[in-house]
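Q: File target10.csv follows (CSV, C-alpha atoms):
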chain,number,residue,atom,x,y,z
Y,1,MET,CA,63.4,90.4,-27.9
Y,2,ILE,CA,64.2,88.4,-31.0
Y,3,SER,CA,63.5,84.7,-30.7
Y,4,ARG,CA,65.9,82.0,-31.7
Y,5,ARG,CA,63.5,81.0,-34.5
Y,6,HIS,CA,63.6,84.5,-35.9
Y,7,MET,CA,67.4,84.5,-35.8
Y,8,LEU,CA,67.6,81.2,-37.6
Y,9,ALA,CA,65.1,82.4,-40.2
Y,10,ALA,CA,67.1,85.6,-40.7
Y,11,SER,CA,70.3,83.7,-41.0
Y,12,ALA,CA,68.8,81.3,-43.5
Y,13,MET,CA,67.5,84.1,-45.6
Y,14,GLY,CA,70.9,85.8,-45.6
Y,15,ALA,CA,72.5,82.5,-46.6
Y,16,VAL,CA,70.1,82.2,-49.6
Y,17,MET,CA,70.7,85.8,-50.7
Y,18,THR,CA,74.5,85.3,-50.4
Y,19,ALA,CA,74.3,82.0,-52.3
Y,20,THR,CA,72.1,83.6,-55.0
Y,21,ALA,CA,74.5,86.5,-55.3
Y,22,ALA,CA,77.4,84.1,-55.5
Y,23,ARG,CA,75.7,82.2,-58.3
Y,24,ALA,CA,75.0,85.3,-60.2
Y,25,ALA,CA,78.6,86.5,-59.8
Y,26,ALA,CA,79.9,83.2,-60.8
Y,27,PHE,CA,78.0,82.7,-64.1
Y,28,GLY,CA,80.0,80.3,-66.1
Y,29,ASN,CA,81.9,79.1,-62.9
Y,30,PRO,CA,79.3,77.3,-60.8
Y,31,ASP,CA,81.5,75.0,-58.8
Y,32,GLN,CA,82.7,75.3,-55.2
Y,33,PRO,CA,85.4,75.6,-54.2
Y,34,PRO,CA,86.1,78.0,-57.1
Y,35,GLN,CA,88.4,76.6,-59.8
Y,36,GLY,CA,89.9,77.7,-63.0
Y,37,ALA,CA,92.5,80.4,-63.9
Y,38,ILE,CA,89.9,83.1,-63.3
Y,39,ASN,CA,90.0,82.3,-59.6
Y,40,ALA,CA,93.7,81.7,-59.3
Y,41,SER,CA,94.9,84.9,-57.7
Y,42,GLY,CA,97.8,83.5,-55.6
Y,43,PRO,CA,101.4,84.4,-56.5
Y,44,GLY,CA,102.7,82.0,-59.1
Y,45,ASN,CA,99.4,80.1,-59.1
Y,46,LEU,CA,99.4,79.5,-62.9
Y,47,LYS,CA,103.1,78.7,-63.2
Y,48,ASP,CA,104.2,75.3,-64.3
Y,49,PRO,CA,107.9,75.1,-63.4
Y,50,GLY,CA,108.2,71.7,-65.0
Y,51,PRO,CA,109.7,69.5,-66.2
Y,52,ARG,CA,107.4,69.9,-69.2
Y,53,ASP,CA,107.5,69.7,-73.0
Y,54,GLU,CA,106.5,73.1,-74.3
Y,55,ALA,CA,105.7,71.9,-77.8
Y,56,ILE,CA,103.2,69.3,-76.5
Y,57,GLY,CA,101.8,71.5,-73.8
Y,58,ASN,CA,101.1,74.4,-76.2
Y,59,GLN,CA,99.0,72.1,-78.3
Y,60,PHE,CA,96.5,71.6,-75.4
Y,61,PRO,CA,95.6,74.9,-73.8
Y,62,SER,CA,92.3,73.6,-72.7
Y,63,ALA,CA,94.0,70.8,-70.7
Y,64,THR,CA,96.7,73.0,-69.2
Y,65,SER,CA,94.2,75.7,-68.3
Y,66,PRO,CA,90.7,74.3,-68.5
Y,67,PRO,CA,87.6,76.5,-68.5
Y,68,ALA,CA,86.3,77.2,-65.0
Y,69,THR,CA,83.2,75.2,-66.0
Y,70,ASP,CA,85.1,71.9,-66.3
Y,71,ILE,CA,84.6,69.6,-63.4
Y,72,GLY,CA,85.2,66.0,-62.4
Y,73,GLY,CA,87.0,63.3,-64.2
Y,74,GLY,CA,86.2,60.5,-66.6
Y,75,ALA,CA,88.0,58.6,-69.3
Y,76,LEU,CA,90.3,60.6,-71.6
Y,77,ASP,CA,88.4,61.4,-74.9
Y,78,TRP,CA,91.4,62.3,-76.9
Y,79,ALA,CA,93.8,60.2,-78.9
Y,80,SER,CA,95.8,60.7,-82.1
Y,81,PHE,CA,97.3,59.0,-85.1
Y,82,ASN,CA,100.1,61.5,-84.9
Y,83,ASN,CA,101.9,59.5,-82.1
Y,84,ALA,CA,100.7,56.0,-83.1
Y,85,PRO,CA,103.7,53.8,-84.3
Y,86,LYS,CA,103.7,53.1,-88.0
Y,87,ARG,CA,104.2,49.6,-89.4
Y,88,ILE,CA,106.2,50.4,-92.6
Y,89,GLN,CA,106.6,48.0,-95.5
Y,90,ASP,CA,107.7,48.3,-99.2
Y,91,GLY,CA,104.4,49.6,-100.7
Y,92,GLY,CA,103.0,51.6,-97.8
Y,93,TRP,CA,102.4,51.8,-94.1
Y,94,ALA,CA,99.7,51.7,-91.5
Y,95,ARG,CA,99.1,52.8,-87.9
Y,96,GLN,CA,96.2,52.1,-85.6
Y,97,VAL,CA,94.4,53.3,-82.5
Y,98,THR,CA,92.3,50.5,-80.9
Y,99,GLN,CA,90.6,50.2,-77.5
Y,100,ARG,CA,93.9,48.7,-76.3
Y,101,ASP,CA,95.4,52.2,-76.8
Y,102,PHE,CA,92.3,54.3,-76.2
Y,103,ALA,CA,90.3,52.8,-73.4
Y,104,ILE,CA,87.0,54.7,-74.0
Y,105,SER,CA,86.8,53.6,-77.7
Y,106,SER,CA,84.8,50.4,-77.2
Y,107,THR,CA,82.8,50.5,-80.4
Y,108,ILE,CA,85.3,51.6,-83.0
Y,109,ALA,CA,88.9,50.8,-83.8
Y,110,GLY,CA,90.7,53.3,-86.2
Y,111,VAL,CA,93.4,52.7,-88.8
Y,112,ASN,CA,95.4,55.2,-90.9
Y,113,MET,CA,97.0,53.7,-94.0
Y,114,ARG,CA,99.1,54.9,-96.9
Y,115,LEU,CA,99.7,52.9,-100.1
Y,116,THR,CA,102.2,54.0,-102.8
Y,117,ALA,CA,101.3,54.1,-106.4
Y,118,GLY,CA,100.9,50.4,-107.1
Y,119,GLY,CA,101.2,49.5,-103.4
Y,120,ILE,CA,98.8,46.6,-102.4
Y,121,ARG,CA,97.1,45.8,-99.2
Y,122,GLU,CA,96.9,42.1,-99.9
Y,123,LEU,CA,93.7,40.1,-100.4
Y,124,HIS,CA,92.2,39.6,-96.9
Y,125,TRP,CA,89.0,39.7,-94.8
Y,126,HIS,CA,88.0,40.7,-91.3
Y,127,GLN,CA,85.7,39.5,-88.5
Y,128,ALA,CA,84.5,43.1,-88.2
Y,129,ALA,CA,82.9,45.4,-90.8
Y,130,GLU,CA,85.3,47.9,-92.4
Y,131,TRP,CA,84.3,51.5,-93.2
Y,132,ALA,CA,86.8,54.0,-94.7
Y,133,ILE,CA,87.1,57.5,-95.9
Y,134,MET,CA,89.7,58.5,-98.5
Y,135,THR,CA,91.8,61.5,-97.3
Y,136,TYR,CA,94.3,61.7,-100.2
Y,137,GLY,CA,94.9,60.4,-103.7
Y,138,SER,CA,93.1,57.4,-105.4
Y,139,CYS,CA,92.7,53.8,-104.7
Y,140,ARG,CA,91.3,50.7,-106.4
Y,141,VAL,CA,89.1,48.4,-104.3
Y,142,THR,CA,87.9,44.9,-105.0
Y,143,VAL,CA,85.4,42.9,-103.0
Y,144,LEU,CA,83.2,39.7,-103.4
Y,145,ASP,CA,79.8,39.3,-101.7
Y,146,THR,CA,78.4,36.2,-100.2
Y,147,VAL,CA,76.7,35.0,-103.4
Y,148,GLY,CA,79.7,35.4,-105.5
Y,149,ARG,CA,79.1,38.8,-107.1
Y,150,PRO,CA,82.4,40.7,-107.6
Y,151,PHE,CA,82.8,44.5,-107.3
Y,152,VAL,CA,85.7,46.7,-108.4
Y,153,ALA,CA,85.9,50.5,-108.3
Y,154,ASP,CA,88.2,53.4,-108.0
Y,155,VAL,CA,87.8,55.8,-105.0
Y,156,ASN,CA,89.1,59.3,-104.6
Y,157,GLU,CA,89.5,61.9,-101.8
Y,158,GLY,CA,86.3,62.3,-99.9
Y,159,ASP,CA,84.8,58.9,-101.0
Y,160,LEU,CA,83.8,56.1,-98.6
Y,161,TRP,CA,83.8,52.4,-98.8
Y,162,TYR,CA,82.2,49.7,-96.6
Y,163,PHE,CA,82.8,46.0,-96.5
Y,164,PRO,CA,80.6,43.8,-94.3
Y,165,PRO,CA,82.3,41.3,-92.0
Y,166,GLY,CA,83.8,38.3,-93.8
Y,167,TYR,CA,83.7,39.9,-97.3
Y,168,PRO,CA,87.1,39.4,-98.9
Y,169,HIS,CA,88.7,42.5,-100.5
Y,170,SER,CA,91.9,44.2,-101.5
Y,171,LEU,CA,93.1,47.8,-101.8
Y,172,GLN,CA,95.7,49.2,-104.2
Y,173,GLY,CA,97.1,52.7,-104.6
Y,174,LEU,CA,96.8,54.4,-108.0
Y,175,GLY,CA,98.9,57.0,-109.8
Y,176,PRO,CA,100.3,59.5,-109.6
Y,177,ASP,CA,101.1,59.2,-105.9
Y,178,GLY,CA,99.1,56.4,-104.3
Y,179,CYS,CA,96.6,57.2,-101.5
Y,180,GLU,CA,96.0,57.6,-97.8
Y,181,PHE,CA,92.8,56.8,-96.0
Y,182,VAL,CA,91.3,56.2,-92.5
Y,183,ILE,CA,89.5,52.9,-91.7
Y,184,CYS,CA,87.0,52.3,-88.9
Y,185,PHE,CA,86.2,48.8,-87.7
Y,186,ASP,CA,82.9,48.3,-85.9
Y,187,ASP,CA,84.7,46.7,-83.0
Y,188,GLY,CA,87.0,48.7,-80.7
Y,189,GLY,CA,89.2,45.6,-80.2
Y,190,ALA,CA,89.7,44.9,-83.9
Y,191,SER,CA,93.3,45.1,-85.2
Y,192,GLU,CA,94.6,45.8,-88.7
Y,193,PHE,CA,97.8,43.9,-87.8
Y,194,ASN,CA,95.9,40.7,-87.2
Y,195,THR,CA,93.7,40.0,-90.2
Y,196,LEU,CA,92.8,36.9,-92.2
Y,197,LEU,CA,95.3,37.0,-95.1
Y,198,LEU,CA,95.4,35.1,-98.4
Y,199,THR,CA,99.1,34.3,-98.2
Y,200,ASP,CA,98.9,33.2,-94.6
Y,201,TRP,CA,96.2,30.6,-95.4
Y,202,ILE,CA,97.9,29.3,-98.5
Y,203,ALA,CA,101.3,29.0,-96.7
Y,204,HIS,CA,99.6,27.0,-93.9
Y,205,THR,CA,97.7,24.6,-96.0
Y,206,PRO,CA,99.3,21.2,-97.1
Y,207,PRO,CA,100.3,21.3,-100.8
Y,208,ASP,CA,98.2,18.2,-101.7
Y,209,VAL,CA,95.1,19.9,-100.2
Y,210,LEU,CA,95.9,23.1,-102.3
Y,211,ALA,CA,96.2,20.9,-105.4
Y,212,LYS,CA,92.8,19.3,-104.8
Y,213,ASN,CA,91.2,22.6,-104.0
Y,214,PHE,CA,92.3,24.4,-107.1
Y,215,GLY,CA,92.3,21.3,-109.4
Y,216,VAL,CA,95.9,21.8,-110.5
Y,217,PRO,CA,99.2,19.9,-109.9
Y,218,ALA,CA,100.8,20.8,-106.6
Y,219,GLU,CA,104.0,22.0,-108.3
Y,220,THR,CA,102.1,24.9,-109.8
Y,221,LEU,CA,101.9,26.4,-106.3
Y,222,ALA,CA,105.4,25.6,-105.3
Y,223,LYS,CA,106.5,29.3,-105.2
Y,224,VAL,CA,103.7,30.7,-103.0
Y,225,PRO,CA,105.2,33.0,-100.3
Y,226,LEU,CA,106.0,31.4,-97.0
Y,227,HIS,CA,105.3,34.6,-95.1
Y,228,ASP,CA,102.4,36.9,-95.5
Y,229,LEU,CA,102.7,40.0,-97.6
Y,230,TRP,CA,100.3,42.4,-95.8
Y,231,ILE,CA,101.4,45.5,-97.7
Y,232,PHE,CA,103.7,45.1,-100.7
Y,233,GLN,CA,104.8,47.0,-103.8
Y,234,GLY,CA,103.0,45.9,-106.9
Y,235,THR,CA,102.6,47.2,-110.5
Y,236,LEU,CA,100.0,49.7,-111.3
Y,237,PRO,CA,96.7,48.1,-112.4
Y,238,GLY,CA,95.3,48.6,-115.8
Y,239,ASP,CA,92.2,50.7,-116.6
Y,240,LEU,CA,89.1,50.1,-114.5
Y,241,ALA,CA,87.1,48.8,-117.4
Y,242,SER,CA,89.6,46.1,-118.1
Y,243,ASP,CA,89.5,44.9,-114.5
Y,244,ARG,CA,85.7,44.9,-114.5
Y,245,ALA,CA,85.6,42.9,-117.7
Y,246,ALA,CA,88.1,40.4,-116.2
Y,247,ILE,CA,86.0,39.7,-113.1
Y,248,SER,CA,82.5,39.7,-114.7
Y,249,LYS,CA,82.4,36.0,-115.6
Y,250,SER,CA,78.8,35.6,-114.5
Y,251,GLY,CA,77.5,39.0,-115.4
Y,252,HIS,CA,76.0,39.4,-111.9
Y,253,VAL,CA,76.8,42.5,-109.9
Y,254,PRO,CA,76.0,43.4,-106.2
Y,255,PRO,CA,72.6,45.2,-105.8
Y,256,HIS,CA,74.3,48.0,-103.8
Y,257,PRO,CA,77.7,49.6,-104.4
Y,258,PHE,CA,80.3,49.2,-101.8
Y,259,ILE,CA,81.5,52.8,-102.3
Y,260,PHE,CA,79.8,56.2,-101.6
Y,261,LYS,CA,80.8,59.7,-102.9
Y,262,LEU,CA,80.1,61.7,-99.8
Y,263,GLY,CA,81.6,64.9,-101.2
Y,264,SER,CA,79.0,65.1,-103.9
Y,265,TRP,CA,76.0,64.2,-101.6
Y,266,ALA,CA,73.7,67.0,-100.7
Y,267,PRO,CA,74.3,68.4,-97.1
Y,268,ALA,CA,71.7,67.4,-94.5
Y,269,LYS,CA,72.3,70.9,-92.9
Y,270,GLN,CA,73.9,73.9,-94.5
Y,271,SER,CA,74.3,77.6,-93.7
Y,272,LYS,CA,77.0,80.3,-93.8
Y,273,ALA,CA,78.3,78.7,-90.5
Y,274,GLY,CA,79.1,75.4,-92.2
Y,275,GLU,CA,77.5,72.1,-93.3
Y,276,ILE,CA,76.9,68.5,-92.3
Y,277,ARG,CA,76.8,65.7,-94.8
Y,278,VAL,CA,75.4,62.3,-93.6
Y,279,ALA,CA,76.1,58.8,-95.0
Y,280,ASP,CA,74.1,56.0,-93.3
Y,281,SER,CA,72.0,53.0,-94.4
Y,282,ASN,CA,69.4,55.4,-95.9
Y,283,SER,CA,71.8,56.9,-98.4
Y,284,PHE,CA,74.5,54.2,-98.4
Y,285,PRO,CA,72.5,51.0,-98.1
Y,286,ILE,CA,75.4,48.5,-97.8
Y,287,SER,CA,76.6,50.3,-94.7
Y,288,THR,CA,74.3,48.6,-92.2
Y,289,THR,CA,76.5,48.9,-89.1
Y,290,ILE,CA,78.2,52.3,-89.5
Y,291,ALA,CA,76.7,55.8,-90.0
Y,292,ALA,CA,78.9,58.9,-90.5
Y,293,ALA,CA,78.6,62.7,-90.6
Y,294,LEU,CA,81.2,64.9,-92.3
Y,295,VAL,CA,81.1,68.2,-90.4
Y,296,THR,CA,82.6,71.5,-91.7
Y,297,VAL,CA,82.5,74.5,-89.3
Y,298,ARG,CA,83.6,78.0,-90.4
Y,299,PRO,CA,86.0,80.1,-88.2
Y,300,GLY,CA,84.4,81.1,-84.9
Y,301,GLY,CA,81.4,78.8,-85.4
Y,302,ILE,CA,80.4,75.9,-83.2
Y,303,ARG,CA,78.9,72.4,-83.8
Y,304,GLU,CA,75.8,73.1,-81.7
Y,305,MET,CA,75.3,71.5,-78.2
Y,306,HIS,CA,73.7,68.1,-78.9
Y,307,TRP,CA,74.0,64.4,-78.2
Y,308,HIS,CA,73.5,61.1,-80.1
Y,309,PRO,CA,70.9,58.7,-78.6
Y,310,ASN,CA,71.8,55.6,-80.6
Y,311,ALA,CA,75.6,55.2,-80.7
Y,312,ASP,CA,78.9,56.5,-79.4
Y,313,GLU,CA,80.7,59.0,-81.7
Y,314,TRP,CA,84.3,58.3,-82.9
Y,315,GLN,CA,85.7,61.5,-84.4
Y,316,TYR,CA,88.6,62.0,-86.8
Y,317,TYR,CA,89.8,65.6,-87.3
Y,318,LEU,CA,90.8,66.4,-90.9
Y,319,LYS,CA,91.4,70.1,-90.9
Y,320,GLY,CA,91.6,73.1,-88.6
Y,321,LYS,CA,91.7,73.5,-84.8
Y,322,ALA,CA,88.9,72.5,-82.5
Y,323,ARG,CA,87.9,72.6,-78.9
Y,324,MET,CA,85.3,70.2,-77.6
Y,325,THR,CA,83.6,70.1,-74.2
Y,326,VAL,CA,81.9,66.8,-73.2
Y,327,PHE,CA,79.3,66.9,-70.5
Y,328,ASN,CA,78.2,63.9,-68.4
Y,329,ALA,CA,76.2,63.2,-65.3
Y,330,GLY,CA,77.9,63.8,-62.0
Y,331,PRO,CA,78.4,66.6,-63.1
Y,332,ASN,CA,81.4,65.9,-65.2
Y,333,ALA,CA,82.6,68.3,-67.9
Y,334,ARG,CA,86.0,68.1,-69.7
Y,335,THR,CA,87.4,70.3,-72.5
Y,336,MET,CA,90.1,69.2,-74.9
Y,337,ASP,CA,91.8,70.5,-78.0
Y,338,PHE,CA,92.0,68.7,-81.3
Y,339,HIS,CA,94.2,69.1,-84.4
Y,340,PRO,CA,94.5,67.3,-87.8
Y,341,GLY,CA,95.1,63.6,-87.3
Y,342,ASP,CA,93.6,63.5,-83.8
Y,343,ILE,CA,90.7,61.3,-82.6
Y,344,GLY,CA,87.9,62.2,-80.3
Y,345,TYR,CA,85.3,60.0,-78.7
Y,346,VAL,CA,82.0,60.8,-77.1
Y,347,LYS,CA,79.8,58.1,-75.4
Y,348,ARG,CA,76.2,57.7,-76.5
Y,349,ASN,CA,73.7,60.2,-75.0
Y,350,ILE,CA,76.5,62.4,-73.6
Y,351,GLY,CA,76.2,66.2,-74.3
Y,352,HIS,CA,78.9,67.9,-76.3
Y,353,TYR,CA,79.8,70.8,-78.7
Y,354,VAL,CA,82.7,71.3,-81.0
Y,355,GLU,CA,84.1,74.9,-81.5
Y,356,ASN,CA,86.3,76.1,-84.3
Y,357,VAL,CA,89.1,78.0,-82.5
Y,358,GLY,CA,91.3,78.5,-85.6
Y,359,ASP,CA,91.2,80.9,-88.5
Y,360,THR,CA,90.5,78.4,-91.2
Y,361,ASP,CA,87.6,75.9,-91.7
Y,362,LEU,CA,87.4,73.1,-89.2
Y,363,GLN,CA,86.5,69.7,-90.7
Y,364,PHE,CA,86.0,66.3,-88.9
Y,365,ILE,CA,84.0,63.2,-89.5
Y,366,GLY,CA,81.9,61.5,-86.8
Y,367,VAL,CA,81.6,57.7,-87.1
Y,368,PHE,CA,78.8,55.7,-85.3
Y,369,ARG,CA,78.3,52.0,-84.9
Y,370,ALA,CA,74.7,52.2,-86.0
Y,371,PRO,CA,72.6,51.8,-89.1
Y,372,ARG,CA,71.4,55.4,-89.1
Y,373,TYR,CA,72.5,58.8,-88.0
Y,374,GLU,CA,70.6,60.3,-85.0
Y,375,GLU,CA,71.1,63.4,-82.9
Y,376,ILE,CA,69.2,65.6,-80.5
Y,377,SER,CA,69.8,69.3,-80.5
Y,378,LEU,CA,69.7,71.2,-77.2
Y,379,SER,CA,68.1,74.3,-78.7
Y,380,ASP,CA,65.6,72.2,-80.6
Y,381,TRP,CA,64.5,70.5,-77.5
Y,382,LEU,CA,64.1,73.7,-75.5
Y,383,THR,CA,62.3,75.6,-78.2
Y,384,HIS,CA,59.8,72.7,-78.5
Y,385,THR,CA,59.1,72.6,-74.8
Y,386,PRO,CA,56.5,75.1,-73.3
Y,387,PRO,CA,58.4,78.4,-72.9
Y,388,ALA,CA,57.1,79.0,-69.4
Y,389,LEU,CA,58.5,75.7,-68.3
Y,390,VAL,CA,62.0,76.5,-69.8
Y,391,ALA,CA,61.9,80.0,-68.3
Y,392,GLN,CA,61.3,78.6,-64.8
Y,393,HIS,CA,64.3,76.3,-65.2
Y,394,LEU,CA,66.8,78.8,-66.5
Y,395,HIS,CA,65.5,82.1,-65.2
Y,396,VAL,CA,65.4,83.4,-68.7
Y,397,ASP,CA,62.6,85.6,-70.1
Y,398,GLU,CA,60.3,83.9,-72.5
Y,399,SER,CA,61.0,86.7,-75.0
Y,400,ALA,CA,64.6,85.6,-75.1
Y,401,ILE,CA,63.7,81.9,-75.6
Y,402,ALA,CA,61.6,82.9,-78.6
Y,403,LYS,CA,64.8,84.1,-80.3
Y,404,TRP,CA,66.6,80.7,-79.9
Y,405,PRO,CA,67.0,78.6,-83.1
Y,406,ASP,CA,64.1,76.2,-83.3
Y,407,ASN,CA,65.2,74.2,-86.4
Y,408,ALA,CA,68.2,72.2,-85.1
Y,409,PRO,CA,70.7,74.2,-87.3
Y,410,GLY,CA,73.6,71.8,-86.5
Y,411,ILE,CA,76.2,74.6,-86.7
Y,412,MET,CA,75.9,78.1,-85.3
Y,413,PRO,CA,78.1,81.0,-86.5
Y,414,GLY,CA,80.5,82.9,-84.3
Y,415,SER,CA,79.3,86.0,-82.5
Let me see whether you can do it: turn the structure in this file into structure tokens.
A:
Amino acid sequence: MISRRHMLAASAMGAVMTATAARAAAFGNPDQPPQGAINASGPGNLKDPGPRDEAIGNQFPSATSPPATDIGGGALDWASFNNAPKRIQDGGWARQVTQRDFAISSTIAGVNMRLTAGGIRELHWHQAAEWAIMTYGSCRVTVLDTVGRPFVADVNEGDLWYFPPGYPHSLQGLGPDGCEFVICFDDGGASEFNTLLLTDWIAHTPPDVLAKNFGVPAETLAKVPLHDLWIFQGTLPGDLASDRAAISKSGHVPPHPFIFKLGSWAPAKQSKAGEIRVADSNSFPISTTIAAALVTVRPGGIREMHWHPNADEWQYYLKGKARMTVFNAGPNARTMDFHPGDIGYVKRNIGHYVENVGDTDLQFIGVFRAPRYEEISLSDWLTHTPPALVAQHLHVDESAIAKWPDNAPGIMPGS
């Protein structure tokens, strides 16, 4: 006779074997009940009768049909300047995505701005630090530091600038066709549409106070604008040397430049699969609250699985087509698609990769509210852990682990 204990033991062993077989058969699809299109065998299961917008839906295949490995929820990590309303004025325009629009983005607010040739973003300052990357054309920037040292320079496509909080500055588009750039403030709630403007302050100060402040008769300021200018059309500035001579009254200059030529900086990581260029307080000393990494991934390659221990990552996609999966505890895993003009956001210490799913180079910039750039590579961690320990976790032969990259390559080529 077979005892009840033997029957239970046999049943348990069978359940373990069945579960093991199920896990083996479901590699890449670990969750129960089964999900994803690979498990959708019912009639019409993948149809979406609508109503729907085909043009929008086709831009997000990873949302309309997620990988079977996606699970759980979490805050949306995609936003875009492409559908952000523009504020248009004579001289240029701007649009922004702040935490008010993009709930997850608590550390960075983003602005996309265009200035015509001669177009001026009027003299102003912010309560947050301003970091920017030039994406088109040329721009002249001016800024004054806290001990009265002026700085003026021209920036071109691929260049950065950084203005600490409270530093007054201006921006002006140069010829032949002005400029476009993306600004990041180190505060997710900051707004480009609510800044401390020169014309606002002058218009809201009594004329007799203005006269005393500048040491001139009040009537000399009688024609100051009664409304702020924000962005307006001006005349093209003269040559850079003339502007520098005009402001150099004391001869003192700031100890560190407010601009950085990222495109000519040596890559921190480079291979046939792509490259990563880093600008943080080590290479760009004035940039004490924002670090950045410009990432280029060749077709089929991936920005390797990694995370950033010291800051959230705000991403701006410049070129190509990307797919990113973000992994969090829970488990939670979400995959989204990104195109030029889109914004991604990954919380600190959250695992992720970015895959080039197009047939041209993928390029994006990651921005971090931190003085220095930090990352931890998954493969680097596992190849610097005793192989026997890793093998027991993943049921992988130690000989296979020995072939994994052990130098934190940053970008891996397509297979």
Q: Restricting the calculation to only C-alpha atoms, which member of Y:Ala246, Y:Leu123, Y:Gly366, Y:Glu130 is positioned closest to Asp200 of chain Y?
A: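 Using only C-alpha atoms, Asp200 of chain Y sits closest to Y:Leu123.
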Q: Taking (75.0, 36.3, -103.3) in the file's coordinates as the center, which residues reach within 10 Å of it, counting only C-alpha atoms, put as an NGL selection string?
A: :Y and (144-150 or 252-255)
Q: Output as a tab-separated table one row per residue of segment 272-391 of chain Y within 6 Å of segment 409-415 of chain Y: the closest atom pair and its distance in Å to one decimal place, counting only C-alpha atoms, sorted by chain and residue number ascending.
A:
residue	atom	partner	partner_atom	distance
Y:Ala273	CA	Y:Pro413	CA	4.6
Y:Gly300	CA	Y:Gly414	CA	4.3
Y:Gly301	CA	Y:Pro413	CA	4.1
Y:Ile302	CA	Y:Met412	CA	5.4
Y:Arg303	CA	Y:Ile411	CA	4.5
Y:Glu304	CA	Y:Ile411	CA	5.2
Q: What lies within 12 Å of segment 52-58 of chain Y using all atoms listed in the file, ignoring chain neighbours under 2 positions off, as a list in words?
A: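 Those residues are Lys47, Asp48, Pro49, Gly50, Phe60, Pro61, Ser62, Ala63, Thr64, Ser65, Asn82, Asn83, Met336, Asp337, Phe338 and His339 of chain Y.
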Q: Kindly export the residues of the current selection with C-alpha atoms, as a PDB file, keeping the file's coordinate frame.
A:
ATOM      1  CA  LYS Y  47     103.100  78.700 -63.200  1.00  0.00           C
ATOM      2  CA  ASP Y  48     104.200  75.300 -64.300  1.00  0.00           C
ATOM      3  CA  PRO Y  49     107.900  75.100 -63.400  1.00  0.00           C
ATOM      4  CA  GLY Y  50     108.200  71.700 -65.000  1.00  0.00           C
ATOM      5  CA  PHE Y  60      96.500  71.600 -75.400  1.00  0.00           C
ATOM      6  CA  PRO Y  61      95.600  74.900 -73.800  1.00  0.00           C
ATOM      7  CA  SER Y  62      92.300  73.600 -72.700  1.00  0.00           C
ATOM      8  CA  ALA Y  63      94.000  70.800 -70.700  1.00  0.00           C
ATOM      9  CA  THR Y  64      96.700  73.000 -69.200  1.00  0.00           C
ATOM     10  CA  SER Y  65      94.200  75.700 -68.300  1.00  0.00           C
ATOM     11  CA  ASN Y  82     100.100  61.500 -84.900  1.00  0.00           C
ATOM     12  CA  ASN Y  83     101.900  59.500 -82.100  1.00  0.00           C
ATOM     13  CA  MET Y 336      90.100  69.200 -74.900  1.00  0.00           C
ATOM     14  CA  ASP Y 337      91.800  70.500 -78.000  1.00  0.00           C
ATOM     15  CA  PHE Y 338      92.000  68.700 -81.300  1.00  0.00           C
ATOM     16  CA  HIS Y 339      94.200  69.100 -84.400  1.00  0.00           C
TER      17      HIS Y 339
END
Q: Quick one: residues within 12 Å of segment 222-225 of chain Y, only C-alpha atoms, excluding same-chain residues fewer than 3 positions away - as a list of chain:residue names?
A: Y:Leu197, Y:Leu198, Y:Thr199, Y:Asp200, Y:Trp201, Y:Ile202, Y:Ala203, Y:His204, Y:Thr205, Y:Pro206, Y:Pro207, Y:Asp208, Y:Leu210, Y:Ala211, Y:Val216, Y:Pro217, Y:Ala218, Y:Glu219, Y:Asp228, Y:Leu229, Y:Trp230
